[in-house]
Every structure is written in C-alpha cells, then in structure tokens.
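Reading through the structure tokens given below for one structure.
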Amino acid sequence: MTSSSTPGGTLLALLPWLVALAIAAAVPLFLPIYMQRVAVTCLMFVTLGVSWNLSGGFAGQLSLGQAAFFGIGAYGSMITAEHVTSDLLTSIVVGGIVAGLCTPILFPAFRLRGIYLGMATFALGESMRVVAEKVFPGEASGLHTPVVFAVDSLAPYYWALGIAAFTIAVGAWTIRSRLGLGLMTVREDDQAARSIGVPVALYKAIVFAIGAFATGLAGGFYARYLGFIDPHSVFHLDHSINPVFVTIIGGIGTELGPIVGAIFWVILQEVLRGLTDTPAVNTIIYGLLLLVVILVVPRGIVGESQAIWRRIADRRRGRRTGKEIPVVAD
Amino acid sequence: MLALDSVEAGYGQAKVLHGVSLTVEPGEIVVLLGANGAGKTTTLRVISGIIGARGGVTFEGRPLIGMAPNRIVELGLLQVPEGRQLFADMSVEDNLLMGSHSARAKPHRARALEQSYALFPVLKERRTQKAGTLSGGQQQMLAIGRALMAQPRLLLLDEPSLGLAPQLVTAVFEAIRRSNESGMAILLVEQNANQALRFAHRGYVLEGGRVVHRGSASELADDPAVQRAYLGLRAATA
Amino acid sequence: MLSFEVLGQTIVNGIAAASIYMMISLGLALVFGVMRVVNLAQGEFMMLAAFGSFWLFTLYGVDPYLSMVAMIPASLLLGYAVYRLIIRRLLGADDINQFLATFGLALMLQGIAQYLWSADLRRLPYVLPSLEVGDVTLAGVRVVNIGVCLAVLAFLAWFLGWTGIGRSVRATASNRMGAMLCGVDVRRVDATTFLLGTAISAVGGTMLALVYFVYPSVGAGLIFKGFAVVILGGMGSIAGVIVGSLVLGITEAMVNVYVSSQLSALVAFAVIFIVLVSRPQGLFGTAR
Ligand SMILES: Nc1ncnc2c1ncn2[C@@H]1O[C@H](COP(=O)(O)OP(=O)(O)OP(=O)(O)O)[C@@H](O)[C@H]1O
Ligand SMILES: [Mg+2]
C-alpha cells in the first residue's frame, strides 16, 4: 500500500505478479494435453477461490452458495451463445454480468453472520439447483453449443488464465481500496464498522457482486469450454465447496492463499490419481485434509508460512512477543 | 485460607492483572474495591479457575492454578458471579438443586434447600417459576441461594448489590452477614463501597490490575485517597 | 384427487418421514444446545448404522430390531473417538472452522463407506404386515419406526427431566459458565451429550435402512433436513425438534402429492433460507 503511492513503487509491487503471469503463460507449452486440461481446472479453482476469498476471507462473510452464480453464469453464456451470438468473449462476459446482476438474491441474507449466513447461502445454492432441474426438465435439460476449441488447442488454457488473472487483479484492487479496508473492519465487528461510518450493507453488496461476476465468468467459460451443460453439473454443490476448500488449504484471508491452495490441491489430486483410481480415496483425502488443516494449521499454507516468517523476523530483530497467558475456559 | 501471590492474568494478549496479592482468613469478610475495569471480576475468575493465570493462588495450602473449576467447587470455594449466570430457562428449584451438584454438597441437599428457602422465602413461593422470569432482586437472591446450596467454606460475591433497590441491597447484605456468622469466609467485590466497608473486616482497593490500598475496613473508610476515589464520588454518581 | 383419503395418507406419510428427521435433528440440537457446535457429520453416524444393520441382516440374517440395539454400543465407540479427536477441539472455535472441520469428517466417513461398500443403492428387504385404518395404509416398518421414535422421545424426556445428569445437561446448555461455577464437569457433560446424540442417530440409521435405500451419501442428504428442522424449531430446543420435524415431514409430503415430487426437495432449503432471513434471532432462543 505504501509502495504503490509512487509510480515506481507500483511497478515494483507489480513485478512479481508480472513474472508469475509470464511463467504461467509459458507453462502449457511444456505440458502434455492431459496436463493442460488439469491446468485449466486449476485456473478455474484459482478464479473461484480468489473471488470467494474476497467475501469469505477478507470480509468474513461465509458464503456456501457460489454454485448459484457459477450455474447462472454457465446458463447465461450458453443461452447467449445459442440465441444471440456465438462469440466466445461476449457470451462469457454476458454470463458474468447476469451472475453479477443476480447478487440481490443474497440481500435478504446479509443480516446473518457466521454459520447462519453459511446455511442460508447454502440453502440458496441448492434451491437454485432444484429449481433449475425443474425449469430445464428431463433429457432436454442439457444445452449444447458447437465445440469452440480444438482438442489440442492451447486456447482454453489462455482463456482460463485470462479470467484468473483478471480476477486476481480485481481482487488485489478491491482489498487495497477503501472498500477492502472497510470490509476488513466488517470482518472484525460489523457493529463497530457501522459506527465508524462504513456503509456495511453497500460494501457487502459490492463485494458479493464482484465475486458473483467473477464466478459467473468462470461458469460461462466452463460451459463454452465443455459445449454441454445441465443443471446438475453447473449448479453442483462442488462449485460452492471447492472455492472454500482451496482457500482454506492455502490460507483464508491471504491474497496468495487461494492460488497456492488451488495449485496444491490439483497437484495432490493428480498424484493420488497415479496411486489409485478409486474416487472414494479422493473423497477420504479431501475430508481428511480439510479436517487436519482446520485442526492443525487453520491459517493454511500461506497464513502459516507468514506466521513462521514473522516469528523468525521478530526474533532476528530481537523483539520479544508478549507471551500469552493461557485461558482455560471456553 | 485463600492466598493470592503476585497473580498475573488477562485475556489473550491483553494483560489485566499485574501482580495481585491478597489473603482471606477463616471467618473473615474481605471486600475488594475498585473502579470499572480495575480487574475485580478477573480476579474472581482466576480464583474459581475460569481463566488461567500466572503467580500463586492457594486455598488452604492447595494450589488452585490449573485446577478445573468443578474441582475447585468440590473444595468448598463458591462464587456468585457477575451477571448471576443463572439457568434462565430452568425452574427456581432446579437452579437451587444445581447449586448442590458437587459430591461434597449432595448428601446435605434436602437440608440446604430448606435453609435457602428459609433465608429467601420468596424463592419458595416461586420455586416452579422459570428463573429468567424473576425480578432482578429475586434473581440475585437465587444466585446467592444457589451458591449457599453448596455449603461453601469460602464464598466469592461479585457485586451482589448491582442494580438493586436500596431495601433489597440491605436484604442481600444481611443474608451475606448471616452466612458469615455461621462461619463462612467471604470475599466481596463491590462498587458500593460505603455499605460494603460498614460490615467488612478488611479490604483491598484494586486499580489498573494492582492493589493500591489495603487495610482494615475502618482504615480504608478513613483514608482520604480512598474516600475521594471510591466513597464520595461513587455516592454522588450512584 | 383432493380427497380426504389422499390427505390422510399424505399426513401419515409425512409423520413417518418426521420420525426419521427427529432422529438426526435430536442429535444436532443436543450437541448444538450444550456445546454450540454444529456437527455436520451427524448424518454419517446414521449412515454407518444403516450400513451396519444392512450387513448384519444380509450376511447373517440378524433381525434389524436386534441390530438396532447392537448399533448403539458400536456408535458410542465411534462417537467417543470423534468427540475426543475432533469435537472437543472445536469448542469455541470460529463457526466457519466448526462447519468445515465437521464437513471434512463427514466426507471422510462417506469416502470410507464408499471405499468399503461402493456407492450402490441397497435395500434391506424386511417387511412387516402393514397397518390399515380406513383407506389409509402404513407399512409395518414405518409404524414401528414411529413407535421407536416415541420411545426415544420418552427416554429423552425422562433423562433430561428426571435425572441428575439430565439436569446438569440442561444447566450446561442454559449457561455454561453458571454450570462450571456450580461444580459441573462441563467436559463430561459435553461427552455425555455428544454420545447421546450419536446413539440416537444410530438408532435412526436402522430406522432409515428399513424404509429407504442405504448408500454412502444418504446421511449427507439428511443433515440438511436436520438443519431445516432445528432452524425451524429453534436451535437446541427439543420441543422445537418435534414440532419442526412434523412440519417439515408433512409439508414435504404435501408438496410431493399436490405440487411436484421434484419440488419437495426444495422444502427443506426454502425453510432454512426463509426462516433464517425472516427471524434470525427469534427462532434460536439465545443463540445470537
Ligand atoms: N472476557 C473478556 N475478554 C476480554 N477482555 C475482558 C474480558 N472480561 C474483561 N475484560 C477486560 O478486562 C479488564 C478488567 O475487567 P474486569 O471485568 O475484571 O473489571 P471489573 O473490575 O470487574 O469491572 P466492573 O466494575 O466493570 O465489573 C477490562 O478492561 C475489560 O475490558
Ligand atoms: Mg466486574
């Protein structure tokens, strides 16, 4: 924040990101086709995780219904492609916009906190799925569009990378803006935030709309990428849980967390796939990982590394941190 | 009987007590005075084992730090906490019965219940009523009655007069005095210093987590500094 | 179509469903009431007991009502391990962490069941003569289920209302600090409550196996019915669980018959969302 006050500082702060982007752009050139597809999944996780982390991590608003926006984005882009224009960019952006415009379905839940917000948004996401299955009934529930990408094309990777990079950039801007700082006070205590003049409801609405837009882009891209969707797959609970999952593993409320978490999780899945092909094992690891991370390293990979790094830095400076007095009662 | 030696305690990183030392001898009424946020409640929480601490806390020579709250109760050390902490959706009688939950008190449950009802007849009238529906004064009586059900040897009271009408305050203090006459030691936290010093034997004044004055009740009542800070002012603002 | 027979049958079906919803919701409500922990893995205790009864019947011909009793000690072992290793550490943790940790546990148990027994839908083919009153018919196993449910409720009423431990459980749920200061070993109360909830859900598992399919994610589907029930009835309230289960079971049955079978799945989610956003405090008593 301080470094971005001068143009040179901005450039310096951006440098690591630009290098990372360049590396990410070069990566698929060295990957077999199968791994390119895995990388596309990974980038989708990054997009979903980063956008979830804005509301769930920085603003502390536990949403478990992102699948609603993923599904809306997917249907938005497919319907656009079928009836309006098959242009890829247009249809994906329409998907994102439609999802963003649907943010008001969350408004009634804004007064809730913690697990109650989580349950309400979860219920909302699942309701969307049930309704979509009703609205797009039977065999015809699926939508097809002509295949856009050749099998061995690198294009899907760069589309996914573009969406992920866009989301990361928007996220980075958000958390450094007044909006982001306001939301972090909401996370600590929304009463206090209100009393110091933070427009809590408006800020929540904006951050959820940003998340819905990015999630809708991901959904729209996913739909066009596959060329076929149905309600069950695009409104699936997985699209609500995965972003939370990768963010928790990587480090909730840290900028790098969802990115690191997504990469870690996708690599781990591939390694496991090499060892066994039973989906049940995948589920067990998924559950175990979640459990262990929450109980042992609740700050995630990035959060924990930062904490360790800070401790080392403190020690080097010879500063002693105040020892905590144990509190036994709950 | 009870001895605190340079006790330090707090919540998370925030330290609240910076070395509190005090004692209560058998049969004594000791009053702990101090302004809002001085750390009086925190001191009682440490004694009852609700929060951890560093330093020494002993009850009849036995160290209490690290001991679970329920085991401290088994030693006969009871607390009437700030905010009363009643079981609001349970009946008055169930609240009292919970008071004699400890193995030490259970055998005397029937007699203790009678005594509590004798001390506070209004509780007997309302024994099937939910505790949450009682008036503030009745709730305070219930909280004291509940603690007395455990037949305490040392009773800690955290601002029992808070929010009560004057005649109720007198009744509550009277109940405390009678319990003390039956041999129970008392550590009383109060902001109502005038009244508390009138019937306590000794007292301590806490300020910012440190004991700043100590002495017999009359010494404290006559101390100009104490008077200025806790008697005159408090009476004027009360 | 809109005859009284259909209506009567629909209500009876709803009550039969409610008897199962109660088994999962009682566990949720007890654990939340005492520990303020939301246990998402409650449904998996049910699923495992359902599998237990299924296999005992399929492999050894053990009568399900016998295995229903046998599942109780088995569930207590698992429940105690879960309490010690996981639930106890979640006391006072952030909501989100409780939610995700118990979700992780739920996934793990589902994965283990799937690994051992595959994701197939199975049936426990056990039939009892059905009960007919006028034009209303109820399968025998459902009648017994309702009976078992009433027995569990009676036991719970006795335990909470008439025993000393039950009184400490109520006291701890009402005011944890107050209970500690009365000398209650709240950790023991926690463990007792958790195990009680586990055992009730295990009994519910066998009930479930008798009237529905058995498969690894069957509990995951039920947990959200449980949420709907406890949110409707008031988190942590036993009477609320009874009312909430009946309301949910009967409403679902009605929607199923008179509206659309697809949309009956919507009822629980709609209940969660609407009740939470319209009366967030009102229905949970003191929750927050
Ligand atoms: N549960 C808690 N968590 C964090 N801080 C606390 C907690 N309870 C008290 N504190 C802080 O500890 C300090 C001392 O509080 P304590 O309740 O011991 O004071 P007190 O002397 O009892 O005051 P009062 O007269 O208002 O009851 C205060 O600054 C208070 O804000
Ligand atoms: Mg106090």
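Here, A, B, ... name the chains of the structure tokens in the order displayed, residue numbers run from 1 inside each chain, and ligands are numbered from 1 in the same displayed order.
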
Original post:
Taking only C-alpha atoms into account, which residues of chain C are within 7 Å of chain A, as a PyMOL selection string?
Top reply: chain C and resi 91-92+95-97+100-101+104-105+107-108+111-112+114-115+262-263+266+269-270+272-273+276-277

**OP:** as a ChimeraX atom specification, please: all residues of region 11-170 of chain B that backbone DSSP puts in strand (DSSP E or B).
**Re:** /B:11,14-24,29-34,54-59,62-63,77-80,91,130,154-158

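Selection of all polymer residues within 6 Å of ligand 1 on the basis of only C-alpha atoms and all ligand atoms gives Tyr11, Val16, Ala35, Asn36, Gly37, Ala38, Gly39, Lys40, Thr41 and Thr42 of chain B.
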
Original post:
How would you write, as a list in words, the set of residues no farther than 12 Å from ligand 2 when counting only C-alpha atoms and all ligand atoms?
Top reply: Leu32, Leu33, Gly34, Ala35, Asn36, Gly37, Ala38, Gly39, Lys40, Thr41, Thr42, Thr43, Leu44, Arg45, Val80, Pro81, Glu82, Gly83, Arg84, Leu157, Asp158, Glu159, Pro160, Leu162, Leu188, Val189, Glu190, Gln191 and Leu206 of chain B

Per residue of chain C within 8 Å of chain B, what are the shortest atom pair and its distance in Å to one decimal, counting only C-alpha atoms, with rows by chain and residue number, as a tab-separated table?
residue	atom	partner	partner_atom	distance
C:Arg167	CA	B:Met98	CA	7.6
C:Ser168	CA	B:Met98	CA	7.1
C:Arg170	CA	B:Met90	CA	7.9
C:Ala171	CA	B:Phe87	CA	5.9
C:Ser174	CA	B:Phe87	CA	5.3
C:Asn175	CA	B:Phe87	CA	5.7
C:Met177	CA	B:Gln85	CA	6.7
C:Gly178	CA	B:Gln85	CA	4.8
C:Ala179	CA	B:Met98	CA	7.8
C:Met180	CA	B:Pro69	CA	6.0
C:Leu181	CA	B:Gln79	CA	6.5
C:Cys182	CA	B:Gly99	CA	5.3
C:Gly183	CA	B:Asn70	CA	3.8
C:Val184	CA	B:Asn70	CA	5.5
C:Asp185	CA	B:Asn70	CA	5.5

Could you list, as a tab-separated table (two decimals) with N, CA, C and O atoms, in the first residue's frame, the residues of chain B having an atom within 6 Å of chain A when counting only C-alpha atoms?
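Everything below was put into iface.tsv:
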chain	number	residue	atom	x	y	z
B	12	GLY	N	-6.23	-13.35	26.24
B	12	GLY	CA	-5.39	-13.32	25.04
B	12	GLY	C	-4.13	-12.52	25.33
B	12	GLY	O	-3.42	-12.77	26.30
B	13	GLN	N	-3.87	-11.52	24.48
B	13	GLN	CA	-2.66	-10.73	24.65
B	13	GLN	C	-2.84	-9.61	25.68
B	13	GLN	O	-1.87	-9.01	26.13
B	50	ILE	N	-11.81	-20.20	36.21
B	50	ILE	CA	-12.45	-19.97	34.90
B	50	ILE	C	-11.41	-19.54	33.87
B	50	ILE	O	-11.50	-19.89	32.70
B	51	ILE	N	-10.45	-18.74	34.31
B	51	ILE	CA	-9.36	-18.38	33.40
B	51	ILE	C	-8.02	-18.75	34.04
B	51	ILE	O	-7.91	-18.81	35.26
B	52	GLY	N	-7.04	-18.95	33.21
B	52	GLY	CA	-5.72	-19.31	33.70
B	52	GLY	C	-4.99	-18.07	34.21
B	52	GLY	O	-5.42	-16.94	34.02

Original post:
Near Gly183 (chain B), counting only C-alpha atoms, which residues have an atom at most 12 Å away, once you skip same-chain residues fewer than 6 positions from it, shown as an MDAnalysis selection string?
Top reply: chainID B and resid 25:29 151:155 176:177

Would you save the residues from that selection as a PDB file, in the first residue's frame, using N, CA and C atoms?
ATOM      1  N   GLU B  25      -8.754 -14.743  55.506  1.00  0.00           N
ATOM      2  CA  GLU B  25      -8.595 -15.683  56.623  1.00  0.00           C
ATOM      3  C   GLU B  25      -9.949 -16.282  56.980  1.00  0.00           C
ATOM      4  N   PRO B  26      -9.950 -17.459  57.649  1.00  0.00           N
ATOM      5  CA  PRO B  26     -11.217 -18.103  58.011  1.00  0.00           C
ATOM      6  C   PRO B  26     -12.115 -17.150  58.799  1.00  0.00           C
ATOM      7  N   GLY B  27     -13.367 -17.156  58.473  1.00  0.00           N
ATOM      8  CA  GLY B  27     -14.341 -16.361  59.211  1.00  0.00           C
ATOM      9  C   GLY B  27     -14.375 -14.891  58.858  1.00  0.00           C
ATOM     10  N   GLU B  28     -13.529 -14.473  57.930  1.00  0.00           N
ATOM     11  CA  GLU B  28     -13.429 -13.053  57.598  1.00  0.00           C
ATOM     12  C   GLU B  28     -14.414 -12.636  56.507  1.00  0.00           C
ATOM     13  N   ILE B  29     -14.761 -11.348  56.531  1.00  0.00           N
ATOM     14  CA  ILE B  29     -15.382 -10.734  55.352  1.00  0.00           C
ATOM     15  C   ILE B  29     -14.357  -9.751  54.798  1.00  0.00           C
ATOM     16  N   GLN B 151     -22.967 -25.300  50.409  1.00  0.00           N
ATOM     17  CA  GLN B 151     -22.352 -25.222  51.737  1.00  0.00           C
ATOM     18  C   GLN B 151     -20.907 -24.751  51.637  1.00  0.00           C
ATOM     19  N   PRO B 152     -20.713 -23.555  51.070  1.00  0.00           N
ATOM     20  CA  PRO B 152     -19.338 -23.104  50.834  1.00  0.00           C
ATOM     21  C   PRO B 152     -18.584 -22.831  52.131  1.00  0.00           C
ATOM     22  N   ARG B 153     -17.265 -22.953  52.044  1.00  0.00           N
ATOM     23  CA  ARG B 153     -16.425 -22.548  53.169  1.00  0.00           C
ATOM     24  C   ARG B 153     -15.888 -21.166  52.887  1.00  0.00           C
ATOM     25  N   LEU B 154     -15.729 -20.867  51.589  1.00  0.00           N
ATOM     26  CA  LEU B 154     -15.391 -19.501  51.196  1.00  0.00           C
ATOM     27  C   LEU B 154     -16.318 -19.125  50.052  1.00  0.00           C
ATOM     28  N   LEU B 155     -16.975 -17.973  50.195  1.00  0.00           N
ATOM     29  CA  LEU B 155     -17.914 -17.529  49.167  1.00  0.00           C
ATOM     30  C   LEU B 155     -17.377 -16.257  48.521  1.00  0.00           C
ATOM     31  N   ILE B 176     -25.700 -12.058  53.511  1.00  0.00           N
ATOM     32  CA  ILE B 176     -24.270 -12.324  53.498  1.00  0.00           C
ATOM     33  C   ILE B 176     -23.726 -12.335  54.919  1.00  0.00           C
ATOM     34  N   ARG B 177     -24.193 -11.344  55.728  1.00  0.00           N
ATOM     35  CA  ARG B 177     -23.695 -11.245  57.106  1.00  0.00           C
ATOM     36  C   ARG B 177     -24.076 -12.492  57.898  1.00  0.00           C
TER      37      ARG B 177
END

Subject >> Neighbour list for Phe264 (chain A) as a PyMOL selection string, cut-off 10 Å, only C-alpha atoms, skip fewer than 2 positions in-chain >> reply: chain A and resi 42+246+249-250+258-262+266-269+301

With N, CA, C and O atoms kept, could you save the residues just selected as a short mmCIF file (atom, residue, chain, number, x, y, z; two decimals), in the first residue's frame?
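Listed below is the output, out_18.cif:
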data_model
loop_
_atom_site.label_atom_id
_atom_site.label_comp_id
_atom_site.auth_asym_id
_atom_site.auth_seq_id
_atom_site.Cartn_x
_atom_site.Cartn_y
_atom_site.Cartn_z
N CYS A 42 -7.27 -26.17 -12.67
CA CYS A 42 -6.56 -25.47 -11.60
C CYS A 42 -6.86 -23.97 -11.68
O CYS A 42 -7.15 -23.33 -10.66
N VAL A 246 -10.14 -24.78 -1.38
CA VAL A 246 -8.79 -24.38 -1.79
C VAL A 246 -8.34 -23.14 -1.01
O VAL A 246 -7.15 -22.99 -0.70
N ILE A 249 -7.21 -24.33 2.54
CA ILE A 249 -5.92 -25.01 2.49
C ILE A 249 -4.80 -24.01 2.26
O ILE A 249 -3.76 -24.05 2.91
N GLY A 250 -5.03 -23.09 1.34
CA GLY A 250 -3.98 -22.13 1.02
C GLY A 250 -3.80 -21.08 2.10
O GLY A 250 -2.69 -20.65 2.38
N PRO A 258 -5.73 -18.67 -1.93
CA PRO A 258 -6.50 -19.49 -2.87
C PRO A 258 -5.66 -19.97 -4.05
O PRO A 258 -5.91 -21.06 -4.57
N ILE A 259 -4.69 -19.16 -4.46
CA ILE A 259 -3.85 -19.56 -5.60
C ILE A 259 -3.00 -20.76 -5.20
O ILE A 259 -2.98 -21.79 -5.89
N VAL A 260 -2.31 -20.61 -4.07
CA VAL A 260 -1.48 -21.71 -3.59
C VAL A 260 -2.33 -22.94 -3.31
O VAL A 260 -1.97 -24.07 -3.66
N GLY A 261 -3.48 -22.73 -2.68
CA GLY A 261 -4.36 -23.84 -2.34
C GLY A 261 -4.83 -24.59 -3.58
O GLY A 261 -4.85 -25.82 -3.60
N ALA A 262 -5.19 -23.84 -4.61
CA ALA A 262 -5.67 -24.48 -5.84
C ALA A 262 -4.57 -25.32 -6.49
O ALA A 262 -4.80 -26.47 -6.88
N VAL A 266 -4.77 -29.41 -6.79
CA VAL A 266 -4.80 -30.06 -8.10
C VAL A 266 -3.61 -31.01 -8.26
O VAL A 266 -3.75 -32.13 -8.74
N ILE A 267 -2.44 -30.56 -7.80
CA ILE A 267 -1.27 -31.45 -7.89
C ILE A 267 -1.48 -32.69 -7.04
O ILE A 267 -1.24 -33.82 -7.47
N LEU A 268 -1.99 -32.48 -5.81
CA LEU A 268 -2.21 -33.63 -4.93
C LEU A 268 -3.18 -34.62 -5.56
O LEU A 268 -2.98 -35.84 -5.52
N GLN A 269 -4.23 -34.08 -6.18
CA GLN A 269 -5.20 -34.96 -6.82
C GLN A 269 -4.56 -35.80 -7.93
O GLN A 269 -4.85 -36.97 -8.07
N ILE A 301 -1.62 -22.89 4.27
CA ILE A 301 -0.21 -22.93 3.89
C ILE A 301 0.39 -21.52 3.94
O ILE A 301 1.42 -21.29 4.58
#

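Near Tyr225 (chain A), within a cut-off of 8 Å and counting only C-alpha atoms, sit the residues Val147, Val148, Phe149, Pro156, Phe221 and Tyr222 of chain A, with same-chain residues fewer than 3 positions away left out.
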
Those selected residues, please, written with N, CA and C atoms and delivered as a PDB file, in the first residue's frame.
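Contents of the output file out33.pdb:
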ATOM      1  N   VAL A 147     -18.770 -27.046 -30.607  1.00  0.00           N
ATOM      2  CA  VAL A 147     -17.475 -27.035 -29.936  1.00  0.00           C
ATOM      3  C   VAL A 147     -16.659 -25.835 -30.414  1.00  0.00           C
ATOM      4  N   VAL A 148     -16.063 -25.112 -29.494  1.00  0.00           N
ATOM      5  CA  VAL A 148     -15.315 -23.912 -29.844  1.00  0.00           C
ATOM      6  C   VAL A 148     -13.828 -24.199 -29.984  1.00  0.00           C
ATOM      7  N   PHE A 149     -13.347 -25.085 -29.141  1.00  0.00           N
ATOM      8  CA  PHE A 149     -11.906 -25.299 -29.090  1.00  0.00           C
ATOM      9  C   PHE A 149     -11.527 -26.630 -29.721  1.00  0.00           C
ATOM     10  N   PRO A 156      -8.034 -22.797 -24.558  1.00  0.00           N
ATOM     11  CA  PRO A 156      -8.765 -22.834 -23.283  1.00  0.00           C
ATOM     12  C   PRO A 156      -7.880 -22.441 -22.105  1.00  0.00           C
ATOM     13  N   PHE A 221     -17.300 -19.559 -18.964  1.00  0.00           N
ATOM     14  CA  PHE A 221     -16.191 -20.168 -19.686  1.00  0.00           C
ATOM     15  C   PHE A 221     -16.287 -21.692 -19.666  1.00  0.00           C
ATOM     16  N   TYR A 222     -16.574 -22.203 -18.466  1.00  0.00           N
ATOM     17  CA  TYR A 222     -16.672 -23.660 -18.293  1.00  0.00           C
ATOM     18  C   TYR A 222     -17.720 -24.238 -19.252  1.00  0.00           C
TER      19      TYR A 222
END

**OP:** Would you kindly return, as number ranges by chain, each protein, DNA or RNA residue with an atom no farther than 12 Å from any atom of Tyr157 (chain A), considering only C-alpha atoms and excluding same-chain residues fewer than 5 positions away?
**Re:** A: 24-29, 31, 33-44, 149, 151-152, 162-165, 221-222, 225

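What separates CA of Ile47 (chain B) from CA of Ala105 (chain B) is a distance of 19.8 Å.
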
**OP:** Quick one: everything within 10 Å of region 118-123 of chain C, counting only C-alpha atoms, minus sequence neighbours fewer than 6 positions away in the same chain. Send it as a PyMOL selection string.
**Re:** (chain A and resi 278-280) or (chain C and resi 51+54+58+110-112+209-218)

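Put simply, CA of Val207 (chain A) is 10.9 Å away from CA of Gly182 (chain A).
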
Original post:
Running DSSP on the backbone, which parts of region 56-302 of chain A land in helix (DSSP H, G or I), as an MDAnalysis selection string?
Top reply: chainID A and resid 56:58 67:83 88:101 103:111 114:135 139:141 155:176 178:188 190:195 200:226 231:234 238:250 257:275 279:296 300:302

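CA of Glu304 (chain A) sits 18.4 Å away from CA of Arg316 (chain A).
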